[in-house]
Every structure is written in structure tokens, then in C-alpha cells.
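**Q** Sharing query_3.cif (mmCIF, C-alpha atoms and all ligand atoms) below.
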```cif
data_start
loop_
_atom_site.label_atom_id
_atom_site.label_comp_id
_atom_site.auth_asym_id
_atom_site.auth_seq_id
_atom_site.Cartn_x
_atom_site.Cartn_y
_atom_site.Cartn_z
CA MET A 1 113.87 180.68 93.67
CA ILE A 2 115.48 180.39 97.10
CA VAL A 3 117.68 183.17 98.45
CA VAL A 4 119.53 182.28 101.65
CA MET A 5 120.73 185.38 103.52
CA GLU A 6 124.00 185.49 105.48
CA ALA A 7 123.73 184.86 109.23
CA GLY A 8 124.36 188.53 110.00
CA ALA A 9 122.37 190.04 107.10
CA THR A 10 120.80 193.35 108.03
CA GLU A 11 117.10 194.14 107.66
CA GLU A 12 118.04 196.64 104.95
CA GLN A 13 119.91 194.01 102.94
CA ILE A 14 116.99 191.60 103.28
CA GLN A 15 114.53 194.28 102.19
CA SER A 16 116.60 195.19 99.18
CA VAL A 17 116.62 191.54 98.00
CA ILE A 18 112.84 191.36 98.54
CA ASP A 19 112.37 194.58 96.50
CA ARG A 20 114.45 193.17 93.69
CA LEU A 21 112.48 189.92 93.61
CA VAL A 22 109.19 191.83 93.63
CA ALA A 23 110.42 194.05 90.77
CA LEU A 24 111.03 190.85 88.77
CA ASP A 25 107.42 189.74 89.42
CA PHE A 26 108.12 187.22 92.18
CA SER A 27 105.85 186.89 95.19
CA VAL A 28 108.11 186.63 98.20
CA HIS A 29 107.63 184.41 101.24
CA ARG A 30 109.99 184.96 104.11
CA SER A 31 111.11 182.27 106.51
CA THR A 32 113.14 183.25 109.55
CA GLY A 33 115.28 180.35 110.72
CA VAL A 34 117.45 180.20 113.83
CA VAL A 35 120.52 181.28 111.84
CA HIS A 36 119.48 182.30 108.34
CA THR A 37 116.60 184.18 106.83
CA VAL A 38 115.42 182.40 103.71
CA LEU A 39 113.41 184.17 101.00
CA GLY A 40 111.24 181.97 98.82
CA GLY A 41 110.42 183.68 95.56
CA VAL A 42 107.58 182.24 93.50
CA GLY A 43 107.63 183.59 89.97
CA PRO A 44 109.46 183.53 86.62
CA GLU A 45 112.39 181.46 87.87
CA ALA A 46 113.62 180.38 84.44
CA ALA A 47 114.08 184.00 83.36
CA VAL A 48 116.43 184.89 86.21
CA ASP A 49 120.11 184.04 86.69
CA PRO A 50 120.81 183.11 90.34
CA VAL A 51 124.25 184.72 90.06
CA ASP A 52 122.54 188.13 89.89
CA PHE A 53 121.37 187.48 93.45
CA LYS A 54 124.45 185.64 94.73
CA VAL A 55 126.53 188.81 94.33
CA LEU A 56 124.17 191.02 96.35
CA ASP A 57 125.21 192.25 99.80
CA GLY A 58 124.10 189.96 102.61
CA VAL A 59 123.28 187.03 100.30
CA LYS A 60 124.85 183.67 101.13
CA ASP A 61 123.36 181.57 98.33
CA CYS A 62 120.70 181.56 95.66
CA PHE A 63 119.35 178.64 93.67
CA PRO A 64 116.24 177.65 91.75
CA ILE A 65 113.81 175.17 93.31
CA MET A 66 113.62 172.18 90.99
CA SER A 67 110.50 170.60 92.50
CA PRO A 68 107.05 171.71 91.29
CA TYR A 69 106.15 172.68 94.87
CA LYS A 70 108.24 175.56 96.21
CA LEU A 71 107.13 176.78 99.63
CA ALA A 72 106.48 173.20 100.79
CA SER A 73 110.03 172.23 99.88
CA ARG A 74 112.51 171.65 102.69
CA HIS A 75 114.87 174.20 101.08
CA PHE A 76 112.50 176.95 102.13
CA LYS A 77 112.80 176.07 105.82
CA PRO A 78 115.68 173.64 106.37
CA GLY A 79 115.17 173.58 110.15
CA GLY A 80 111.56 172.34 109.82
CA THR A 81 108.24 173.94 110.74
CA VAL A 82 106.80 173.89 114.23
CA VAL A 83 103.09 174.68 114.44
CA ASP A 84 102.41 176.39 117.73
CA PHE A 85 99.14 175.92 119.65
CA GLY A 86 100.37 177.71 122.78
CA LYS A 87 100.58 174.83 125.23
CA VAL A 88 101.28 172.27 122.48
CA GLN A 89 103.62 172.34 119.47
CA ILE A 90 103.52 169.99 116.48
CA GLY A 91 106.80 169.49 114.65
CA GLY A 92 108.98 169.85 117.73
CA ASN A 93 110.49 167.12 119.86
CA ALA A 94 107.23 165.83 121.31
CA VAL A 95 105.03 163.38 119.42
CA VAL A 96 101.52 164.82 119.77
CA VAL A 97 98.56 162.45 119.93
CA MET A 98 95.06 163.42 118.78
CA ALA A 99 92.31 160.94 119.60
CA GLY A 100 88.56 160.59 119.78
CA PRO A 101 85.63 159.17 117.88
CA CYS A 102 85.15 159.30 114.14
CA SER A 103 81.99 161.41 114.62
CA VAL A 104 80.53 163.48 117.41
CA GLU A 105 77.30 161.61 118.25
CA SER A 106 75.98 162.94 121.56
CA GLU A 107 77.10 164.94 124.58
CA ALA A 108 77.55 161.81 126.70
CA GLN A 109 79.60 160.11 123.97
CA ILE A 110 81.97 163.03 123.38
CA GLN A 111 82.41 163.76 127.10
CA ALA A 112 83.27 160.11 127.77
CA SER A 113 85.69 160.18 124.83
CA ALA A 114 87.41 163.34 126.08
CA GLU A 115 87.78 161.89 129.54
CA ALA A 116 89.29 158.64 128.20
CA VAL A 117 91.74 160.24 125.78
CA VAL A 118 93.03 162.96 128.12
CA ARG A 119 93.56 160.40 130.88
CA ALA A 120 95.78 158.38 128.55
CA GLY A 121 97.80 161.43 127.48
CA ALA A 122 96.25 162.77 124.24
CA ARG A 123 96.53 166.54 123.68
CA PHE A 124 93.77 166.95 121.08
CA ILE A 125 90.29 165.50 120.82
CA ARG A 126 89.11 164.60 117.34
CA GLY A 127 85.53 164.17 116.17
CA GLY A 128 83.76 164.95 112.93
CA ALA A 129 80.69 167.22 112.90
CA PHE A 130 80.59 167.44 109.11
CA LYS A 131 81.18 163.93 107.79
CA PRO A 132 82.17 163.02 104.23
CA ARG A 133 80.45 159.65 103.82
CA SER A 134 80.65 157.39 100.79
CA SER A 135 76.87 156.91 100.93
CA PRO A 136 74.40 159.80 101.21
CA TYR A 137 72.25 157.55 103.43
CA SER A 138 74.96 157.15 106.10
CA PHE A 139 75.15 159.41 109.17
CA GLN A 140 76.32 162.83 107.96
CA GLY A 141 77.30 164.32 111.32
CA LEU A 142 75.58 166.70 113.76
CA GLY A 143 76.84 169.91 112.14
CA GLU A 144 77.31 173.02 114.28
CA PRO A 145 75.58 171.53 117.38
CA GLY A 146 78.23 168.79 117.18
CA LEU A 147 81.01 171.37 117.12
CA LYS A 148 79.54 172.99 120.25
CA LEU A 149 79.55 169.64 122.07
CA LEU A 150 83.11 168.97 120.94
CA ARG A 151 84.37 172.36 122.16
CA LYS A 152 82.60 171.94 125.49
CA ALA A 153 84.11 168.49 126.05
CA ALA A 154 87.57 169.74 125.04
CA ASP A 155 87.41 172.76 127.36
CA ALA A 156 86.28 170.60 130.27
CA HIS A 157 89.38 168.44 129.80
CA GLN A 158 92.01 171.00 128.68
CA LEU A 159 92.17 169.50 125.20
CA LEU A 160 92.60 171.14 121.81
CA VAL A 161 90.11 170.36 119.02
CA VAL A 162 90.66 168.94 115.53
CA SER A 163 87.68 168.53 113.23
CA GLU A 164 87.01 168.30 109.52
CA VAL A 165 86.01 171.18 107.29
CA MET A 166 84.29 169.95 104.12
CA ASP A 167 83.92 173.14 102.12
CA GLN A 168 84.84 176.78 102.21
CA THR A 169 81.43 177.95 103.43
CA GLN A 170 82.08 176.11 106.72
CA ILE A 171 85.43 177.77 107.52
CA SER A 172 84.13 180.73 109.49
CA VAL A 173 81.81 178.65 111.70
CA MET A 174 84.55 176.08 112.26
CA GLU A 175 86.96 178.82 113.36
CA ASP A 176 84.64 179.54 116.30
CA TYR A 177 85.13 176.04 117.73
CA VAL A 178 88.18 174.32 116.25
CA ASP A 179 91.94 174.74 116.86
CA LEU A 180 93.04 172.61 113.89
CA LEU A 181 91.01 172.42 110.67
CA GLN A 182 91.20 168.97 109.09
CA VAL A 183 90.99 168.61 105.32
CA GLY A 184 89.86 165.05 104.64
CA ALA A 185 91.35 162.68 102.10
CA ARG A 186 88.43 163.22 99.73
CA ASN A 187 89.07 166.95 99.73
CA MET A 188 92.84 166.97 99.29
CA GLN A 189 92.35 168.34 95.79
CA ASN A 190 89.39 170.60 96.51
CA PHE A 191 91.40 173.57 95.31
CA ASN A 192 88.79 176.21 96.19
CA LEU A 193 88.78 174.96 99.77
CA LEU A 194 92.60 174.90 99.89
CA ARG A 195 92.86 178.48 98.55
CA GLU A 196 90.37 179.71 101.14
CA LEU A 197 92.30 177.94 103.93
CA GLY A 198 95.39 179.77 102.67
CA ARG A 199 93.63 182.99 103.62
CA SER A 200 92.85 181.70 107.13
CA ARG A 201 95.52 181.76 109.84
CA ARG A 202 94.03 178.80 111.70
CA PRO A 203 96.29 175.72 111.57
CA VAL A 204 95.33 173.13 108.94
CA LEU A 205 95.77 169.33 108.96
CA LEU A 206 95.93 168.24 105.30
CA LYS A 207 95.29 164.52 104.79
CA ARG A 208 96.73 162.65 101.85
CA GLY A 209 94.14 161.77 99.20
CA ILE A 210 93.04 158.18 98.72
CA SER A 211 95.01 157.85 95.46
CA ALA A 212 97.39 160.79 95.78
CA THR A 213 101.12 160.63 95.27
CA ILE A 214 103.39 162.36 97.77
CA GLU A 215 104.11 165.01 95.16
CA GLU A 216 100.39 165.71 94.77
CA LEU A 217 100.07 166.01 98.55
CA LEU A 218 102.89 168.57 98.59
CA LEU A 219 101.32 170.49 95.69
CA SER A 220 98.05 170.66 97.63
CA ALA A 221 100.04 171.95 100.61
CA GLU A 222 101.48 174.59 98.28
CA TYR A 223 97.98 176.01 97.68
CA ILE A 224 97.61 176.72 101.40
CA LEU A 225 101.17 178.00 101.90
CA SER A 226 101.06 180.28 98.87
CA GLY A 227 98.03 182.00 100.40
CA GLY A 228 100.23 182.88 103.39
CA ASN A 229 98.98 180.28 105.90
CA TYR A 230 102.16 178.53 107.07
CA ASN A 231 100.43 176.75 109.96
CA LEU A 232 100.19 173.51 108.09
CA ILE A 233 100.55 169.86 109.11
CA LEU A 234 100.39 166.90 106.71
CA CYS A 235 98.79 163.53 107.43
CA GLU A 236 99.47 160.08 106.01
CA ARG A 237 96.20 158.11 106.27
CA GLY A 238 96.69 155.18 103.92
CA ILE A 239 96.22 154.92 100.20
CA ARG A 240 94.13 152.66 97.99
CA THR A 241 96.04 149.70 96.56
CA PHE A 242 95.12 146.23 95.25
CA GLU A 243 95.28 144.87 98.82
CA SER A 244 91.81 144.30 100.25
CA TYR A 245 92.53 142.78 103.68
CA THR A 246 92.94 146.26 105.11
CA ARG A 247 90.68 149.24 104.26
CA ASN A 248 93.72 151.12 102.89
CA THR A 249 97.43 150.45 102.72
CA MET A 250 99.21 152.44 105.42
CA ASP A 251 102.17 154.01 103.64
CA ILE A 252 104.65 154.27 106.49
CA SER A 253 107.43 155.09 104.01
CA ALA A 254 105.64 158.35 103.17
CA ILE A 255 106.68 159.64 106.61
CA PRO A 256 110.48 159.71 106.07
CA VAL A 257 109.97 160.70 102.42
CA VAL A 258 107.90 163.75 103.39
CA LYS A 259 110.46 164.60 106.10
CA LYS A 260 113.18 164.60 103.46
CA LEU A 261 111.26 166.59 100.83
CA SER A 262 109.41 169.07 103.03
CA HIS A 263 109.79 171.14 106.19
CA LEU A 264 106.16 170.51 107.16
CA PRO A 265 105.31 168.32 110.16
CA ILE A 266 103.64 165.01 109.32
CA VAL A 267 101.29 162.99 111.49
CA ALA A 268 99.91 159.51 110.85
CA ASP A 269 96.36 158.17 110.96
CA PRO A 270 96.59 154.40 111.48
CA SER A 271 92.80 154.14 111.95
CA HIS A 272 91.83 155.06 108.39
CA GLY A 273 95.15 153.63 107.27
CA THR A 274 94.07 150.11 108.19
CA GLY A 275 90.32 150.18 108.95
CA ARG A 276 90.79 147.39 111.49
CA ARG A 277 91.10 147.84 115.22
CA ASP A 278 93.60 144.95 115.49
CA GLN A 279 96.00 146.67 113.06
CA VAL A 280 95.80 150.20 114.43
CA ILE A 281 98.21 149.72 117.32
CA PRO A 282 101.06 148.10 115.32
CA MET A 283 100.81 150.80 112.63
CA ALA A 284 100.73 153.57 115.24
CA ARG A 285 103.92 152.17 116.76
CA ALA A 286 105.53 151.92 113.32
CA ALA A 287 104.60 155.50 112.43
CA VAL A 288 106.25 156.91 115.54
CA ALA A 289 109.33 154.75 114.96
CA ALA A 290 109.46 156.09 111.37
CA GLY A 291 109.54 159.69 112.57
CA ALA A 292 105.91 160.88 112.64
CA ASP A 293 105.40 164.14 114.55
CA GLY A 294 102.06 162.96 115.82
CA LEU A 295 99.17 160.54 115.49
CA ILE A 296 95.45 160.90 114.95
CA VAL A 297 93.64 157.84 116.26
CA GLU A 298 89.97 156.90 116.48
CA VAL A 299 88.87 155.96 120.01
CA HIS A 300 85.23 155.42 121.05
CA PRO A 301 83.77 154.69 124.49
CA ASP A 302 81.51 152.05 122.91
CA PRO A 303 82.89 151.20 119.45
CA ASP A 304 80.36 148.46 118.79
CA ARG A 305 77.60 151.07 118.78
CA ALA A 306 79.54 153.82 116.95
CA ARG A 307 77.61 155.61 114.17
CA SER A 308 80.72 155.60 111.95
CA ASP A 309 84.01 153.69 111.76
CA GLY A 310 83.37 151.50 114.82
CA ALA A 311 85.48 148.62 113.46
CA GLN A 312 88.61 150.75 113.45
CA SER A 313 87.95 152.57 116.73
CA LEU A 314 90.00 151.52 119.75
CA TYR A 315 88.44 150.73 123.10
CA PRO A 316 89.62 153.27 125.70
CA GLU A 317 91.76 150.66 127.48
CA GLN A 318 93.48 149.73 124.21
CA PHE A 319 94.27 153.38 123.63
CA ALA A 320 95.76 153.71 127.11
CA GLU A 321 97.96 150.69 126.42
CA LEU A 322 99.05 152.18 123.08
CA MET A 323 100.08 155.40 124.83
CA ARG A 324 102.23 153.44 127.28
CA GLN A 325 103.95 151.69 124.37
CA LEU A 326 104.46 154.93 122.45
CA ALA A 327 106.33 156.46 125.37
CA LEU A 328 108.94 153.72 125.00
CA ILE A 329 109.16 153.96 121.22
CA ALA A 330 109.44 157.75 121.31
CA GLN A 331 112.32 157.46 123.76
CA ALA A 332 114.13 155.06 121.44
CA VAL A 333 114.02 157.66 118.63
CA ALA A 334 114.98 160.57 120.91
CA ARG A 335 111.47 162.00 121.15
CA THR A 336 108.93 162.41 123.93
CA VAL A 337 105.17 161.81 123.93
C1 LIG A 401 88.05 161.01 109.39
O1 LIG A 401 89.07 161.48 109.92
O2 LIG A 401 87.08 160.58 110.03
C2 LIG A 401 88.05 160.85 107.92
C3 LIG A 401 86.92 160.83 107.23
O3 LIG A 401 89.30 160.69 107.42
P1 LIG A 401 89.79 160.55 105.89
O4 LIG A 401 89.46 161.87 105.24
O5 LIG A 401 91.25 160.30 106.02
O6 LIG A 401 89.05 159.41 105.27
MN MN A 402 86.55 158.03 110.53
#
```
Let me see the structure of the file written as C-alpha cells.
Ligand code: PEP
Ligand code: MN
**A**
Amino acid sequence: MIVVMEAGATEEQIQSVIDRLVALDFSVHRSTGVVHTVLGGVGPEAAVDPVDFKVLDGVKDCFPIMSPYKLASRHFKPGGTVVDFGKVQIGGNAVVVMAGPCSVESEAQIQASAEAVVRAGARFIRGGAFKPRSSPYSFQGLGEPGLKLLRKAADAHQLLVVSEVMDQTQISVMEDYVDLLQVGARNMQNFNLLRELGRSRRPVLLKRGISATIEELLLSAEYILSGGNYNLILCERGIRTFESYTRNTMDISAIPVVKKLSHLPIVADPSHGTGRRDQVIPMARAAVAAGADGLIVEVHPDPDRARSDGAQSLYPEQFAELMRQLALIAQAVARTV
């Protein structure tokens, strides 16, 4: 149930609507927009007549939310969500680029990566320390020592850090090093992890599952939002289809669809979306043209010797060229990079 308050609604009027929703067994999530306060009630919607709320003082409108996800719905926050990192915001006018290797491998590798990506204009460094690999015999990441190296490289280059959390036992250690906690595609429906991230206040980057529909992605987002963590960003990273030329099929259309259905920012990962270095740049350009709020791109100082995902990692000079192109595309769609 959505209750939209009048522009001039008083705190008392808002509180009295909240009390009424709570008395009816709703849990209430409040979103303060530029003009209107919106109250999102999650509870026994079918048992309540919206007219009972429409007639209350200070209420502009009230309607049920038809979609199975509620707090992720655009109705809850029509103006869109901006996730604030202090010096960087995701979901605002600027397209924010996160870049770096698939995995943190060594101090020299991550320092060289940080230097290359910051020089080209990235605001975050990426790099996995806990790696979800299809084979148990593949490189599994450096663990906490990798996170330390990542943080050190980021701090030396004024970058923020995004890195993957694989299960709930890793959240507290990750919070010591990471600004944005990435939930990988394989974990999009790890509901225990999602619930625990709902209790954290650290921003979360939720990647679309390999075979997940957009509705399933938004329902996974709902787990985190319903726990009270509204610092959430979605990521389109390609889905599995019958096409085998590319590693996945980059679903660019998911970007405007998510923008229409949800208030959450969405970024695109053209690296996992294609799995091929030669296709990363065109898909990155397309994602920004389609309205993505950011990109996460794999860049390695020596991709041919990378311990994971070398074939889809850009050379530093390719990344610098991509950033030059993105500045032009962003301008064409009234954004900045
Ligand atoms: C990654 O970012 O390196 C990664 C494993 O991504 P995904 O979960 O999208 O496969
Ligand atoms: Mn990777």
C-alpha cells in the first residue's frame, strides 16, 4: 500500500497515518521526496480499503501496489534513489564508472590497476577477494589479505572500493574494507545473505542472476530493502540464452525496463555480459546510451596473465579510450561522466 502525503503535510499528520498503518499490521517504510513524503506499507493490503486512507488529513493519494515487489517499485520513490558515497553519488546525473581486475592477485597488480583506472576517470576500483568460481580447482581469491591490498591501492588513488561478498559470515570483515558490497549473479537468490545485507547500512550492488527475470531481480532487491537498507544499486550483467558466441547475452533492454519499474539505480557490467574483450566497449557505450547510472568494467594491467577473466579484461589503454567515448555519449543523453 502506498500513501502519498500532501506537499505541506505536517509531521503530526504523517505520524498519524503511520500509526494507523501499524495498527493494521503493516510495516511502514518512509521515503522523503523533494515534494512529497511517501509511506510504503507492507502488510495485509487486500484487507484494507484505500479510501479509508484517502480521506485522512494530509493525505494526497492512496493505492495498492500491484507488483509483487513493493519497496523496489518506482511508486515508492517516484523521483528515483541516489546512493551517496560522500564524494560520489550513484543514481544522480553523473554516470559512475567502477573498474579494475576480476580478482585481486598481488600488491603490484592491484596498485597498477588503481593507477590506470583513476587516470582514465574511474571513481571506484573493483577486484574480487572472495571469488565464486565454477570449478573448485580455479583460483578462489586471496581472501582478507586481498581486501587489505585493495583498500590500500584505493586509498593511495582516492578511489572507492567495490568487492564481492559471498556469504553472510563475510559481511563484517568486508565492511572494514569495502564501500560497496557486491552480490554476485550466483548469489542473487541467496536469501539468507540478502536478509543479512538488509540489516547492514553499507551500500549493496545486487547483480542479476544468470537466469533471473527482471521481476526476480526486483524481488531479491525487496529482501534488502525490507530489512531497512535502502542503499541499493542493481546491476545488469548478462543472462544465459541459447547464444554461445558471447559468454552471456547482455540484456541492454533491462536498463530502461528497470528504470520504469523501479526507483533503484542500475549499472551495467559489459565484461561478464559478453565475456569477450572486443565486445565490452560497444556494450558499455550502449548501456550508457540506454540510461545506465554507471558501469562496472574489468581492466587488468596484464590481461594475458590474469588469474581470472583475462579474455574479457580490457587493456588499460582500451579503458582510457572507452572513457573518452563515454564522455561524448553521456553528453548526448544529458548526463556527465
Ligand atoms: C565478478 O564481478 O567478477 C563476477 C563474478 O561477476 P558475476 O557475479 O556477475 O558473474
Ligand atoms: Mn570476473
**Q** Counting only C-alpha atoms and all ligand atoms, which of A:Ala108, A:Ala311, A:Val38, A:Ala268 gets nearest to ligand MN 402 (chain A)?
**A** A:Ala311
**Q** Please give me, as a PyMOL selection string, the residues lying within 9 Å of ligand MN 402 (chain A) when counting all atoms listed in the file.
**A** chain A and resi 101-103+127-128+131+271-272+275+298+308-310+312-313
**Q** Could I get the residues of chain A with an atom no further than 6 Å from an atom of ligand LIG 401 (chain A), each paired with its nearest atom pair and that distance in Å to one decimal, using all atoms listed in the file, sorted by chain and residue number, as a tab-separated table?
**A**
```
residue	atom	partner	partner_atom	distance
A:Cys102	CA	A:LIG401	O2	4.7
A:Gly184	CA	A:LIG401	O4	3.3
A:Ala185	CA	A:LIG401	O4	3.8
A:Arg186	CA	A:LIG401	O4	5.8
A:Lys207	CA	A:LIG401	O5	6.0
A:Arg237	CA	A:LIG401	O5	5.4
A:His272	CA	A:LIG401	O5	5.8
```
**Q** Restricting the output to C-alpha atoms, write the selected residues as a PDB file, keeping the file's coordinate frame.
**A**
```
ATOM      1  CA  CYS A 102      85.150 159.300 114.140  1.00  0.00           C
ATOM      2  CA  GLY A 184      89.860 165.050 104.640  1.00  0.00           C
ATOM      3  CA  ALA A 185      91.350 162.680 102.100  1.00  0.00           C
ATOM      4  CA  ARG A 186      88.430 163.220  99.730  1.00  0.00           C
ATOM      5  CA  LYS A 207      95.290 164.520 104.790  1.00  0.00           C
ATOM      6  CA  ARG A 237      96.200 158.110 106.270  1.00  0.00           C
ATOM      7  CA  HIS A 272      91.830 155.060 108.390  1.00  0.00           C
TER       8      HIS A 272
END
```
**Q** Using only C-alpha atoms, which residue out of A:Pro270, A:Gly146, A:Gly40, A:Gly91 lies closest to Leu225 of chain A?
**A**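 Nearest candidate to Leu225 of chain A out of A:Pro270, A:Gly146, A:Gly40, A:Gly91: A:Gly40.
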**Q** So which residues touch Val96 of chain A within 9 Å, counting only C-alpha atoms, skipping near sequence neighbours fewer than 3 positions away, as a list in words?
**A**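 That gives Val88, Gln89, Ile90, Gly91, Ala122, Arg123, Phe124, Val267, Asp293, Gly294, Leu295, Ile296, Thr336 and Val337 of chain A.
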**Q** So how far away is atom CA of Asp269 of chain A from atom CA of Phe242 of chain A, in Å?
**A**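 The value is 19.8 Å.
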**Q** Identify, on the basis of all atoms listed in the file, every residue whose closest approach to Leu206 of chain A does not exceed 7 Å; exclude the query and any residue fewer than 6 positions from it along the same chain; express the result as a PyMOL selection string.
**A** chain A and resi 182-184+188+233-235
**Q** Using only C-alpha atoms, which of A:Gln15, A:Ser135, A:Ser253, A:Thr10 sits nearest Ala292 of chain A?
**A**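 Distance minimum relative to Ala292 of chain A lands on A:Ser253.
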**Q** To one decimal in Å, tell me the separation between atom CA of Asn192 of chain A and atom CA of Ala99 of chain A.
**A** 28.2 Å
**Q** Got a minute to add all heavy atoms to segment 169-179 of chain A and dump it as a short mmCIF file (atom, residue, chain, number, x, y, z; two decimals), keeping the file's coordinate frame?
**A**
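Result file is result33.cif:
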```
data_model
loop_
_atom_site.label_atom_id
_atom_site.label_comp_id
_atom_site.auth_asym_id
_atom_site.auth_seq_id
_atom_site.Cartn_x
_atom_site.Cartn_y
_atom_site.Cartn_z
N THR A 169 82.49 177.21 102.73
CA THR A 169 81.43 177.95 103.43
C THR A 169 81.42 177.60 104.93
O THR A 169 80.81 178.31 105.72
CB THR A 169 80.03 177.62 102.85
OG1 THR A 169 79.80 176.22 103.04
CG2 THR A 169 79.94 177.97 101.38
N GLN A 170 82.07 176.51 105.31
CA GLN A 170 82.08 176.11 106.72
C GLN A 170 83.25 176.71 107.51
O GLN A 170 83.31 176.59 108.73
CB GLN A 170 82.16 174.57 106.84
CG GLN A 170 80.94 173.87 106.30
CD GLN A 170 81.19 172.38 106.06
OE1 GLN A 170 82.32 171.90 106.15
NE2 GLN A 170 80.13 171.66 105.75
N ILE A 171 84.20 177.35 106.83
CA ILE A 171 85.43 177.77 107.52
C ILE A 171 85.14 178.72 108.67
O ILE A 171 85.62 178.53 109.79
CB ILE A 171 86.45 178.40 106.54
CG1 ILE A 171 86.92 177.34 105.53
CG2 ILE A 171 87.66 178.97 107.30
CD1 ILE A 171 87.85 177.88 104.45
N SER A 172 84.29 179.73 108.44
CA SER A 172 84.13 180.73 109.49
C SER A 172 83.43 180.13 110.71
O SER A 172 83.81 180.43 111.84
CB SER A 172 83.43 181.98 108.98
OG SER A 172 82.12 181.65 108.62
N VAL A 173 82.46 179.26 110.52
CA VAL A 173 81.81 178.65 111.70
C VAL A 173 82.78 177.71 112.42
O VAL A 173 82.85 177.68 113.65
CB VAL A 173 80.46 177.97 111.34
CG1 VAL A 173 80.61 176.82 110.41
CG2 VAL A 173 79.76 177.47 112.60
N MET A 174 83.58 177.00 111.63
CA MET A 174 84.55 176.08 112.26
C MET A 174 85.56 176.86 113.11
O MET A 174 85.99 176.41 114.16
CB MET A 174 85.33 175.30 111.19
CG MET A 174 84.51 174.45 110.26
SD MET A 174 84.06 172.83 110.85
CE MET A 174 85.53 172.08 111.37
N GLU A 175 85.95 178.04 112.63
CA GLU A 175 86.96 178.82 113.36
C GLU A 175 86.48 179.20 114.76
O GLU A 175 87.29 179.47 115.63
CB GLU A 175 87.35 180.07 112.56
CG GLU A 175 88.27 179.74 111.40
CD GLU A 175 88.64 180.96 110.56
OE1 GLU A 175 87.90 181.97 110.59
OE2 GLU A 175 89.66 180.90 109.85
N ASP A 176 85.16 179.22 114.96
CA ASP A 176 84.64 179.54 116.30
C ASP A 176 84.87 178.41 117.30
O ASP A 176 84.80 178.63 118.50
CB ASP A 176 83.12 179.81 116.23
CG ASP A 176 82.82 181.11 115.49
OD1 ASP A 176 83.73 181.95 115.37
OD2 ASP A 176 81.67 181.26 115.03
N TYR A 177 85.10 177.20 116.81
CA TYR A 177 85.13 176.04 117.73
C TYR A 177 86.41 175.20 117.66
O TYR A 177 86.68 174.42 118.55
CB TYR A 177 83.96 175.09 117.41
CG TYR A 177 82.61 175.73 117.47
CD1 TYR A 177 81.94 176.12 116.31
CD2 TYR A 177 81.98 175.95 118.70
CE1 TYR A 177 80.69 176.72 116.37
CE2 TYR A 177 80.72 176.54 118.76
CZ TYR A 177 80.09 176.93 117.59
OH TYR A 177 78.85 177.52 117.65
N VAL A 178 87.16 175.33 116.56
CA VAL A 178 88.18 174.32 116.25
C VAL A 178 89.59 174.94 116.24
O VAL A 178 89.78 176.02 115.70
CB VAL A 178 87.84 173.71 114.86
CG1 VAL A 178 88.93 172.80 114.37
CG2 VAL A 178 86.52 172.93 114.95
N ASP A 179 90.55 174.25 116.84
CA ASP A 179 91.94 174.74 116.86
C ASP A 179 92.71 174.31 115.61
O ASP A 179 93.66 174.96 115.21
CB ASP A 179 92.66 174.19 118.10
CG ASP A 179 91.94 174.60 119.37
OD1 ASP A 179 91.94 175.80 119.68
OD2 ASP A 179 91.34 173.72 120.04
#
```
